[in-house]
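Dropping start14.txt in here (compact mmCIF, C-alpha atoms and all ligand atoms):
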# COMPACT_ATOMS: atom_id res chain seq x y z
CA MET A 10 60.75 -39.85 -5.54
CA ALA A 11 63.49 -41.14 -3.25
CA VAL A 12 64.93 -38.26 -1.25
CA ASP A 13 68.16 -39.04 0.55
CA GLU A 14 67.59 -37.28 3.89
CA ALA A 15 71.31 -36.94 4.58
CA VAL A 16 71.94 -35.28 1.21
CA LEU A 17 68.91 -33.02 1.73
CA MET A 18 70.07 -31.94 5.19
CA GLU A 19 73.56 -31.29 3.87
CA PHE A 20 72.09 -29.01 1.19
CA VAL A 21 69.83 -27.22 3.66
CA GLY A 22 72.87 -26.64 5.87
CA LYS A 23 74.68 -25.08 2.91
CA ALA A 24 71.66 -22.92 2.07
CA VAL A 25 71.44 -21.70 5.69
CA GLY A 26 75.10 -20.69 5.39
CA ASP A 27 74.20 -18.77 2.25
CA LEU A 28 71.29 -17.04 4.02
CA GLY A 29 73.79 -15.84 6.61
CA SER A 30 76.17 -14.71 3.84
CA ALA A 31 73.45 -12.73 2.09
CA LEU A 32 72.50 -10.90 5.28
CA THR A 33 76.16 -10.40 6.19
CA ALA A 34 76.62 -8.55 2.89
CA GLY A 35 74.09 -5.95 4.06
CA LEU A 36 75.69 -5.74 7.50
CA VAL A 37 79.15 -5.18 6.00
CA VAL A 38 77.77 -2.19 4.09
CA VAL A 39 76.18 -0.88 7.32
CA GLY A 40 79.46 -1.33 9.21
CA ASP A 41 81.36 0.42 6.45
CA LYS A 42 78.94 3.37 6.22
CA LEU A 43 78.88 3.90 10.01
CA GLY A 44 82.65 3.56 10.40
CA LEU A 45 82.28 0.57 12.75
CA TYR A 46 85.13 -1.42 11.21
CA LYS A 47 87.46 1.58 11.10
CA ALA A 48 86.68 2.31 14.77
CA MET A 49 87.55 -1.29 15.70
CA ALA A 50 90.66 -1.57 13.51
CA HIS A 51 93.83 -1.99 15.58
CA ALA A 52 91.91 -0.74 18.64
CA GLY A 53 92.00 -3.99 20.65
CA PRO A 54 89.01 -5.65 22.35
CA MET A 55 86.05 -3.36 23.08
CA THR A 56 82.50 -3.61 24.39
CA SER A 57 79.42 -2.69 22.40
CA ILE A 58 79.05 0.34 24.70
CA GLU A 59 82.55 1.54 23.80
CA LEU A 60 82.06 0.99 20.06
CA ALA A 61 78.70 2.79 20.08
CA ALA A 62 80.20 5.73 21.99
CA LYS A 63 83.18 5.92 19.63
CA THR A 64 80.98 5.96 16.52
CA GLY A 65 77.99 7.96 17.78
CA THR A 66 75.64 5.03 17.23
CA THR A 67 72.96 3.23 19.27
CA GLU A 68 74.41 0.58 21.59
CA ARG A 69 71.53 -1.89 21.20
CA MET A 70 71.85 -1.86 17.39
CA VAL A 71 75.64 -2.09 17.58
CA ARG A 72 75.46 -5.09 19.97
CA GLU A 73 73.19 -7.01 17.58
CA TRP A 74 75.48 -6.18 14.65
CA LEU A 75 78.53 -7.30 16.65
CA ASN A 76 76.91 -10.64 17.49
CA GLY A 77 76.01 -11.21 13.84
CA GLN A 78 79.56 -10.33 12.83
CA ALA A 79 80.98 -12.66 15.48
CA ALA A 80 78.73 -15.51 14.29
CA SER A 81 80.04 -14.85 10.75
CA GLY A 82 83.67 -15.07 11.89
CA TYR A 83 84.30 -11.46 10.89
CA ILE A 84 85.15 -10.44 14.48
CA THR A 85 85.92 -12.36 17.68
CA TYR A 86 83.96 -12.36 20.96
CA ASP A 87 85.36 -13.03 24.43
CA ALA A 88 82.48 -14.11 26.69
CA ALA A 89 84.50 -13.55 29.88
CA THR A 90 84.99 -9.82 29.19
CA GLN A 91 82.07 -9.33 26.78
CA ARG A 92 84.48 -7.65 24.43
CA TYR A 93 84.65 -7.87 20.65
CA GLU A 94 87.75 -7.53 18.52
CA LEU A 95 88.43 -7.05 14.81
CA PRO A 96 91.55 -9.15 14.09
CA ASP A 97 94.30 -7.33 12.16
CA GLU A 98 93.80 -9.53 9.09
CA GLN A 99 90.06 -8.72 8.96
CA ALA A 100 90.91 -5.04 9.51
CA GLU A 101 92.99 -5.17 6.33
CA ALA A 102 89.99 -6.45 4.35
CA LEU A 103 87.25 -4.42 6.10
CA ALA A 104 88.84 -1.16 7.21
CA ASN A 105 91.64 -0.38 4.75
CA ASP A 106 90.32 0.98 1.43
CA ASP A 107 93.80 0.92 -0.08
CA SER A 108 94.58 -2.73 0.64
CA PRO A 109 94.50 -5.19 -2.29
CA ALA A 110 92.57 -7.42 0.16
CA CYS A 111 89.82 -4.81 0.68
CA VAL A 112 86.37 -6.36 0.12
CA LEU A 113 84.23 -3.32 1.00
CA GLY A 114 83.63 -2.29 -2.61
CA GLY A 115 82.58 -5.84 -3.48
CA PHE A 116 79.93 -5.85 -0.77
CA GLN A 117 78.75 -2.35 -1.74
CA MET A 118 78.48 -3.49 -5.35
CA ILE A 119 76.54 -6.65 -4.47
CA VAL A 120 74.06 -5.01 -2.08
CA SER A 121 73.45 -2.19 -4.60
CA THR A 122 73.07 -4.71 -7.42
CA LEU A 123 70.33 -6.56 -5.55
CA ARG A 124 68.19 -3.42 -5.69
CA ALA A 125 67.64 -4.24 -9.40
CA GLU A 126 66.18 -7.68 -8.63
CA SER A 127 62.72 -6.95 -10.06
CA LYS A 128 64.16 -5.42 -13.26
CA ILE A 129 66.42 -8.47 -13.67
CA THR A 130 63.52 -10.87 -13.10
CA ASP A 131 61.57 -9.00 -15.81
CA ALA A 132 64.59 -9.19 -18.12
CA PHE A 133 64.54 -13.01 -17.95
CA ARG A 134 61.02 -12.85 -19.45
CA SER A 135 61.53 -10.01 -21.92
CA GLY A 136 65.09 -10.71 -23.09
CA ALA A 137 65.48 -6.94 -23.35
CA GLY A 138 68.38 -6.66 -20.92
CA VAL A 139 68.94 -3.97 -18.29
CA GLY A 140 71.32 -1.11 -19.10
CA TRP A 141 74.35 -0.38 -16.92
CA HIS A 142 72.89 3.08 -16.32
CA GLU A 143 69.66 1.56 -14.93
CA HIS A 144 71.43 0.24 -11.83
CA ASP A 145 71.62 1.90 -8.42
CA PRO A 146 74.56 4.36 -8.30
CA GLY A 147 76.06 2.24 -5.50
CA VAL A 148 76.95 -0.27 -8.23
CA PHE A 149 79.15 2.27 -10.02
CA GLU A 150 80.92 3.33 -6.83
CA GLY A 151 81.16 -0.26 -5.56
CA VAL A 152 82.80 -1.41 -8.81
CA GLU A 153 85.30 1.43 -8.55
CA ARG A 154 86.14 0.62 -4.93
CA PHE A 155 86.32 -3.10 -5.63
CA PHE A 156 88.69 -2.81 -8.59
CA ARG A 157 90.83 0.18 -7.60
CA PRO A 158 93.05 -1.64 -5.03
CA GLY A 159 93.75 -4.37 -7.61
CA TYR A 160 94.70 -1.78 -10.23
CA ALA A 161 96.90 0.03 -7.69
CA ALA A 162 98.66 -3.24 -6.81
CA ASN A 163 99.03 -4.77 -10.28
CA LEU A 164 98.68 -2.38 -13.18
CA VAL A 165 102.01 -0.56 -13.08
CA GLN A 166 103.85 -3.30 -11.20
CA SER A 167 103.05 -6.27 -13.43
CA TRP A 168 100.30 -5.84 -16.06
CA ILE A 169 101.90 -3.09 -18.14
CA PRO A 170 105.40 -4.65 -17.89
CA SER A 171 103.89 -7.92 -19.20
CA LEU A 172 103.01 -6.18 -22.50
CA ASP A 173 105.55 -6.09 -25.31
CA GLY A 174 107.46 -2.76 -25.24
CA VAL A 175 104.61 -0.73 -23.70
CA GLU A 176 106.27 0.31 -20.44
CA ASP A 177 109.13 2.06 -22.27
CA LYS A 178 106.67 3.91 -24.51
CA LEU A 179 104.63 5.07 -21.50
CA ARG A 180 107.75 6.30 -19.70
CA ALA A 181 108.89 8.23 -22.76
CA GLY A 182 105.48 9.71 -23.59
CA ALA A 183 102.61 7.87 -25.27
CA ARG A 184 98.93 8.44 -26.10
CA VAL A 185 96.55 6.17 -24.21
CA ALA A 186 92.77 5.59 -24.35
CA ASP A 187 91.00 3.80 -21.48
CA VAL A 188 87.64 2.68 -22.89
CA GLY A 189 84.67 1.86 -20.62
CA CYS A 190 86.64 3.57 -17.86
CA GLY A 191 83.78 3.98 -15.36
CA HIS A 192 84.98 6.24 -12.53
CA GLY A 193 88.47 6.24 -14.04
CA ALA A 194 90.30 4.23 -11.36
CA SER A 195 92.61 2.55 -13.88
CA THR A 196 93.11 5.74 -15.93
CA ILE A 197 94.21 7.71 -12.88
CA VAL A 198 96.61 4.99 -11.64
CA MET A 199 98.32 5.04 -15.05
CA ALA A 200 98.31 8.84 -15.35
CA LYS A 201 100.06 9.16 -11.99
CA ALA A 202 102.68 6.57 -12.87
CA TYR A 203 103.52 7.90 -16.36
CA PRO A 204 103.47 11.72 -16.26
CA ASN A 205 105.02 12.02 -19.75
CA SER A 206 102.07 10.24 -21.33
CA THR A 207 98.55 11.54 -21.95
CA PHE A 208 95.49 9.54 -20.96
CA VAL A 209 91.86 9.91 -22.00
CA GLY A 210 89.11 7.84 -20.42
CA PHE A 211 85.88 7.15 -22.33
CA ASP A 212 82.58 5.76 -21.09
CA TYR A 213 79.06 6.00 -22.50
CA HIS A 214 77.70 6.64 -18.98
CA GLY A 215 77.71 10.41 -18.35
CA PRO A 216 77.43 10.31 -14.52
CA SER A 217 80.47 8.00 -14.37
CA ILE A 218 82.49 10.44 -16.48
CA ASP A 219 81.47 13.28 -14.11
CA GLU A 220 82.79 11.22 -11.17
CA ALA A 221 85.99 10.34 -13.05
CA ARG A 222 86.68 14.05 -13.65
CA LYS A 223 86.26 14.73 -9.91
CA ARG A 224 88.61 11.84 -9.04
CA ALA A 225 91.23 13.14 -11.48
CA ALA A 226 91.08 16.61 -9.91
CA GLU A 227 91.42 15.11 -6.41
CA ALA A 228 94.39 13.02 -7.58
CA GLY A 229 96.05 16.06 -9.20
CA VAL A 230 96.39 14.46 -12.64
CA THR A 231 94.26 16.79 -14.77
CA ASP A 232 97.34 17.91 -16.77
CA ASN A 233 97.72 14.52 -18.46
CA CYS A 234 94.37 12.83 -17.79
CA THR A 235 90.97 13.79 -19.22
CA PHE A 236 87.60 12.07 -19.52
CA GLU A 237 84.94 12.22 -22.21
CA VAL A 238 81.53 10.66 -22.73
CA ALA A 239 81.84 8.28 -25.69
CA ALA A 240 80.75 4.76 -26.55
CA ALA A 241 83.13 1.94 -27.42
CA LYS A 242 82.43 2.02 -31.16
CA ASP A 243 82.72 5.77 -31.67
CA TYR A 244 85.25 7.24 -29.26
CA PRO A 245 87.39 9.89 -31.00
CA GLY A 246 91.11 9.91 -31.74
CA HIS A 247 93.59 7.77 -33.67
CA ASP A 248 97.20 6.64 -33.48
CA TYR A 249 96.87 5.67 -29.83
CA ASP A 250 99.96 3.78 -28.60
CA LEU A 251 97.87 1.91 -26.05
CA VAL A 252 94.14 1.29 -25.83
CA ALA A 253 92.89 -0.45 -22.68
CA HIS A 254 89.58 -2.06 -21.74
CA PHE A 255 89.32 -2.91 -18.05
CA ASP A 256 86.57 -5.35 -17.13
CA CYS A 257 84.17 -4.01 -19.73
CA LEU A 258 84.61 -5.69 -23.14
CA HIS A 259 82.27 -8.52 -22.10
CA ASP A 260 79.70 -5.92 -20.93
CA MET A 261 79.44 -4.39 -24.37
CA GLY A 262 76.61 -5.25 -26.71
CA ASP A 263 78.90 -5.57 -29.71
CA PRO A 264 82.39 -6.58 -28.55
CA ARG A 265 83.40 -7.41 -32.11
CA GLY A 266 82.38 -3.94 -33.32
CA ALA A 267 84.22 -2.47 -30.33
CA SER A 268 87.33 -4.47 -31.30
CA GLU A 269 87.14 -3.18 -34.90
CA HIS A 270 87.00 0.37 -33.56
CA VAL A 271 90.07 -0.24 -31.37
CA LEU A 272 91.96 -1.54 -34.42
CA GLN A 273 91.28 1.58 -36.47
CA SER A 274 92.11 3.88 -33.53
CA LEU A 275 95.52 2.31 -32.77
CA ALA A 276 98.89 3.35 -34.16
CA PRO A 277 100.25 0.67 -36.54
CA ASP A 278 102.56 -0.66 -33.80
CA GLY A 279 100.11 0.06 -30.99
CA THR A 280 98.86 -2.35 -28.33
CA TRP A 281 95.43 -3.21 -27.01
CA MET A 282 95.33 -4.40 -23.38
CA ILE A 283 92.16 -6.26 -22.48
CA VAL A 284 91.67 -7.00 -18.78
CA GLU A 285 88.83 -9.44 -18.20
CA PRO A 286 87.60 -11.43 -15.20
CA PHE A 287 89.63 -14.63 -14.77
CA ALA A 288 87.80 -17.55 -16.37
CA ASN A 289 88.56 -20.93 -17.85
CA ASP A 290 87.07 -21.83 -21.21
CA ASP A 291 84.78 -24.64 -19.98
CA VAL A 292 81.90 -23.98 -17.60
CA THR A 293 82.87 -27.00 -15.48
CA ASP A 294 86.26 -25.45 -14.76
CA ASN A 295 84.63 -22.24 -13.50
CA LEU A 296 82.40 -23.94 -10.92
CA ASN A 297 84.44 -22.70 -7.97
CA PRO A 298 84.15 -19.78 -5.48
CA VAL A 299 85.54 -17.16 -7.92
CA GLY A 300 83.32 -18.43 -10.76
CA ARG A 301 80.35 -18.39 -8.38
CA VAL A 302 80.81 -14.68 -7.71
CA TYR A 303 81.43 -13.88 -11.38
CA TYR A 304 78.56 -15.94 -12.88
CA SER A 305 76.18 -14.52 -10.26
CA ALA A 306 77.30 -10.90 -10.76
CA SER A 307 77.17 -11.50 -14.51
CA THR A 308 73.52 -12.61 -14.28
CA PHE A 309 72.66 -9.39 -12.48
CA ILE A 310 74.93 -6.95 -14.34
CA CYS A 311 77.16 -8.00 -17.26
CA THR A 312 74.83 -10.20 -19.30
CA PRO A 313 71.76 -7.89 -19.13
CA THR A 314 74.04 -4.87 -19.77
CA SER A 315 75.17 -6.39 -23.06
CA LEU A 316 71.65 -7.59 -23.99
CA ALA A 317 70.38 -4.01 -23.55
CA GLN A 318 72.78 -2.74 -26.26
CA GLU A 319 72.93 -3.23 -30.03
CA VAL A 320 73.81 -6.79 -31.20
CA GLY A 321 73.60 -8.11 -27.61
CA THR A 322 76.43 -10.64 -27.86
CA ALA A 323 76.35 -11.13 -24.07
CA LEU A 324 79.75 -12.77 -23.60
CA GLY A 325 79.19 -12.78 -19.83
CA ALA A 326 81.81 -12.27 -17.15
CA GLN A 327 83.15 -15.80 -17.60
CA ALA A 328 83.78 -15.59 -21.33
CA GLY A 329 87.25 -17.16 -21.09
CA GLU A 330 90.28 -16.66 -23.29
CA ALA A 331 89.15 -18.78 -26.27
CA ARG A 332 85.89 -16.84 -26.86
CA LEU A 333 87.63 -13.51 -26.37
CA ARG A 334 90.36 -14.55 -28.82
CA ASP A 335 87.69 -15.42 -31.43
CA VAL A 336 85.97 -12.03 -31.09
CA ILE A 337 89.24 -10.09 -31.21
CA THR A 338 90.91 -11.94 -34.08
CA ASP A 339 87.63 -11.97 -36.09
CA ALA A 340 87.77 -8.17 -35.84
CA GLY A 341 91.18 -8.17 -37.58
CA PHE A 342 93.85 -8.31 -34.87
CA THR A 343 96.65 -10.61 -36.05
CA ARG A 344 98.44 -11.15 -32.74
CA PHE A 345 96.80 -12.20 -29.49
CA ARG A 346 98.20 -13.69 -26.28
CA ARG A 347 97.60 -13.98 -22.57
CA ALA A 348 100.19 -11.55 -21.21
CA THR A 349 99.65 -12.37 -17.55
CA GLU A 350 96.94 -13.26 -15.04
CA THR A 351 95.94 -13.03 -11.38
CA PRO A 352 93.40 -15.24 -9.57
CA PHE A 353 90.77 -12.63 -10.53
CA ASN A 354 91.94 -11.29 -13.91
CA LEU A 355 93.09 -12.34 -17.35
CA VAL A 356 95.38 -9.74 -18.95
CA LEU A 357 95.29 -10.14 -22.74
CA GLU A 358 97.39 -8.40 -25.36
CA ALA A 359 96.17 -7.87 -28.93
CA ARG A 360 98.17 -6.18 -31.69
CA PRO A 361 97.31 -5.19 -35.26
C1 LIG B 1 82.28 -3.22 -14.85
S1 LIG B 1 82.37 -1.56 -15.32
C2 LIG B 1 84.14 -1.31 -15.39
C3 LIG B 1 84.51 0.14 -15.24
C4 LIG B 1 86.01 0.44 -15.25
N1 LIG B 1 86.66 0.01 -16.47
C5 LIG B 1 86.70 -0.20 -14.05
O1 LIG B 1 87.44 -1.15 -14.25
O2 LIG B 1 86.50 0.28 -12.92
C6 LIG B 1 81.89 -1.59 -17.03
C7 LIG B 1 81.89 -0.22 -17.68
O3 LIG B 1 81.67 -0.37 -19.08
C8 LIG B 1 80.90 0.71 -19.52
N2 LIG B 1 80.27 0.36 -20.80
C9 LIG B 1 79.37 -0.62 -21.04
N3 LIG B 1 79.04 -0.64 -22.33
C10 LIG B 1 79.75 0.35 -22.94
C11 LIG B 1 79.85 0.82 -24.28
N4 LIG B 1 79.16 0.23 -25.26
N5 LIG B 1 80.66 1.86 -24.53
C12 LIG B 1 81.39 2.44 -23.54
N6 LIG B 1 81.33 2.04 -22.25
C13 LIG B 1 80.53 1.00 -21.95
C14 LIG B 1 79.91 0.94 -18.39
O4 LIG B 1 79.32 2.22 -18.44
C15 LIG B 1 80.82 0.72 -17.17
O5 LIG B 1 81.40 1.92 -16.74
Take the structure I supplied and represent it as structure tokens, if you would.
Amino acid sequence: MAVDEAVLMEFVGKAVGDLGSALTAGLVVVGDKLGLYKAMAHAGPMTSIELAAKTGTTERMVREWLNGQAASGYITYDAATQRYELPDEQAEALANDDSPACVLGGFQMIVSTLRAESKITDAFRSGAGVGWHEHDPGVFEGVERFFRPGYAANLVQSWIPSLDGVEDKLRAGARVADVGCGHGASTIVMAKAYPNSTFVGFDYHGPSIDEARKRAAEAGVTDNCTFEVAAAKDYPGHDYDLVAHFDCLHDMGDPRGASEHVLQSLAPDGTWMIVEPFANDDVTDNLNPVGRVYYSASTFICTPTSLAQEVGTALGAQAGEARLRDVITDAGFTRFRRATETPFNLVLEARP
């Protein structure tokens, strides 16, 4: 064995950075829950005493958190005044839930996901998968918070207009099904934007549907937006003008069966919008920071979710357009194209 010491030390340095990242994830969740970021946002430099007083927290704990955050580059520290500051750009990502740059939901999702570590380790041995519903509820809320700002920024502005003729139908009044809707973030964004259309969100996970109903009531869209518990292969209704799957087709045990069900539920000139995590077709081309997050989250969530269901295709969160095209066209769709994309999403259009 000939270990190159320089290469080894370089790797250890990287791993130490990752140790810091892993702990920072927990500290972001703490800062979010206690309102520390919101208290610092646009408030200028402050001491740990001031931040603790403003948030009703313990100064000694806050000071340690601040130093960890400063070492992570999340906040700045001025030794001369012993004051800490959250720069405006970081405030956008850490204190503004409505910003497309908000990362709070991502951290909540990741920290909550890690609670399933022992179940996931067992699933490597058993092959039995781990159901979506077996995760900590923080995963469901974290996913909603992580995706909602992206839906608010893109869905009405660019994703729907990228589909052939769909925007006009939605403005005039169309029937829409949002399958695997989770807490209904995408359903509610669409229902608000197109009041002449009716939207129904389906998910097999009952507690998520309960939350979606609460969100719809809070958003004042219950007139044209409802939610029902139903799985992807047996949701009710037919002649939908638009069916949408947001970040969930790859989670399903039988994505081909789900595609066949979409086909029989669509109107003859209807459209299926499939939003999936951005991925290239070859693994090598996904070995980058976005692919790192997606492959890792997929090991914890998406792949075992699919393995826990019937068929267990387990496309994974980095399926890529070519594999998705195969599944969807094998199910009988005759037209398929990439309608648009963002650095995080592929937006695919399939038509009968
Ligand atoms: C990553 S979450 C996405 C939720 C939501 N579409 C969003 O974008 O916020 C995946 C969702 O797919 C749902 N799901 C997984 N398998 C399903 C199935 N076979 N039928 C219906 N929903 C399913 C899960 O319950 C979960 O809510």
Residue neighbourhood Leu32 of chain A, 12 Å, all atoms listed in the file, exclusion window fewer than 3 positions, as a VMD selection string:
chain A and resid 25 to 29 35 to 39 74 77 to 78 80 to 81 116 119 to 120 123
Pick out the closest residue to ligand LIG 1 (chain B) from this set: A:Val230, A:Val299, A:Ala221, A:Ile337. Count only C-alpha atoms and all ligand atoms.
A:Ala221
Would you list the residues that come within 7 Å of ligand LIG 1 (chain B)? Count all atoms listed in the file and give the answer as number ranges by chain.
A: 141-142, 152-153, 156-157, 188-195, 211-214, 217, 239-242, 254-257, 260-262, 314-315
Set the distance at 6 Å and use all atoms listed in the file: which residues neighbour Val252 of chain A once local chain neighbours fewer than 2 positions away are removed? I'd like the list as a VMD selection string.
chain A and resid 185 to 187 281
Close residues, segment 128-134 of chain A itself excluded, 10 Å, only C-alpha atoms, min 2 positions apart in chain, as a ChimeraX atom specification:
/A:122-126,136-139,143-144,308-310,313,316-317
Please identify all polymer residues within 6 Å of Glu94 of chain A, counting only C-alpha atoms, omitting same-chain residues fewer than 4 positions from it, and present them as an MDAnalysis selection string.
chainID A and resid 53:54 84:85
Next, the residues of the selection above should be written as a JSON list (two decimals), in the frame of the given file with C-alpha atoms.
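Output saved as part_18.json:
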[["chain", "number", "residue", "atom", "x", "y", "z"],
["A", 53, "GLY", "CA", 92.00, -3.99, 20.65],
["A", 54, "PRO", "CA", 89.01, -5.65, 22.35],
["A", 84, "ILE", "CA", 85.15, -10.44, 14.48],
["A", 85, "THR", "CA", 85.92, -12.36, 17.68]]
Tell me, in Å to one decimal, how far atom CA of Ala181 of chain A is from atom CA of Asn205 of chain A.
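Between these atoms lies a distance of 6.2 Å.
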Asp263 of chain A environment, 6 Å, all atoms listed in the file, sequence neighbours closer than 2 positions dropped, as a list in words
Met261, Arg265, Gly266, Val320 and Thr322 of chain A
Go through A:His259, A:Arg72, A:Arg347, A:Arg301 one by one, measure the shortest atom-to-atom distance of each to Leu324 of chain A using only C-alpha atoms, and give the residue with the smallest value.
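The answer is A:His259, which sits nearest to Leu324 of chain A.
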Work out how far apart atom CA of Arg360 of chain A and atom CA of Asp335 of chain A are and give it in Å to one decimal.
14.0 Å
Distance of atom CA of Leu275 of chain A from atom CA of Leu179 of chain A, expressed in Å to one decimal place:
14.8 Å
If you count only C-alpha atoms, the residue of A:Asn76, A:Phe345, A:Met49, A:Gly82 closest to Asp97 of chain A turns out to be A:Met49
Which residue out of A:Tyr93, A:Phe155, A:Phe208, A:Tyr304 has the minimum interatomic distance to Gly325 of chain A when only C-alpha atoms are used?
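Using only C-alpha atoms, the shortest distance to Gly325 of chain A belongs to A:Tyr304.
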Distance criterion (only C-alpha atoms): nearest to Leu60 of chain A out of A:Asp250, A:Gln273, A:Ala100, A:Gly40
A:Gly40
Find the residue from A:Gln117, A:Asn354, A:Thr231, A:Asn163 that sits nearest to Pro146 of chain A; use all atoms listed in the file when measuring.
A:Gln117
With segment 105-109 of chain A as the partner and 8 Å as the cut-off, tabulate the residues of segment 131-249 of chain A that qualify, each row holding the nearest pair of atoms and their distance in Å to one decimal, using all atoms listed in the file, sorted by chain and rising number, as a Markdown table.
| residue | atom | partner | partner_atom | distance |
| --- | --- | --- | --- | --- |
| A:Arg154 | CA | A:Asp106 | CA | 7.6 |
| A:Pro158 | CA | A:Pro109 | CA | 4.7 |
| A:Gly159 | CA | A:Pro109 | CA | 5.4 |
| A:Ala161 | CA | A:Pro109 | CA | 7.9 |
| A:Ala162 | CA | A:Pro109 | CA | 6.4 |
How would the residues just chosen look if you wrote them out with C-alpha atoms as a PDB file, in the coordinates of the input?
ATOM      1  CA  ARG A 154      86.140   0.620  -4.930  1.00  0.00           C
ATOM      2  CA  PRO A 158      93.050  -1.640  -5.030  1.00  0.00           C
ATOM      3  CA  GLY A 159      93.750  -4.370  -7.610  1.00  0.00           C
ATOM      4  CA  ALA A 161      96.900   0.030  -7.690  1.00  0.00           C
ATOM      5  CA  ALA A 162      98.660  -3.240  -6.810  1.00  0.00           C
TER       6      ALA A 162
END
Tell me, counting all atoms listed in the file, for each residue of segment 151-246 of chain A within 12 Å of segment 355-359 of chain A, which pair of atoms is nearest and how far apart they are in Å to one decimal, in rows ordered by chain and increasing number, as CSV.
residue,atom,partner,partner_atom,distance
A:Tyr160,CA,A:Val356,CA,11.8
A:Asn163,CA,A:Val356,CA,10.6
A:Leu164,CA,A:Val356,CA,9.9
A:Ser167,CA,A:Val356,CA,10.1
A:Trp168,CA,A:Val356,CA,6.9
A:Ile169,CA,A:Val356,CA,9.3
A:Pro170,CA,A:Val356,CA,11.3
A:Ser171,CA,A:Val356,CA,8.7
A:Leu172,CA,A:Glu358,CA,6.7
A:Asp173,CA,A:Glu358,CA,8.5
A:Gly174,CA,A:Glu358,CA,11.5
A:Val175,CA,A:Glu358,CA,10.7
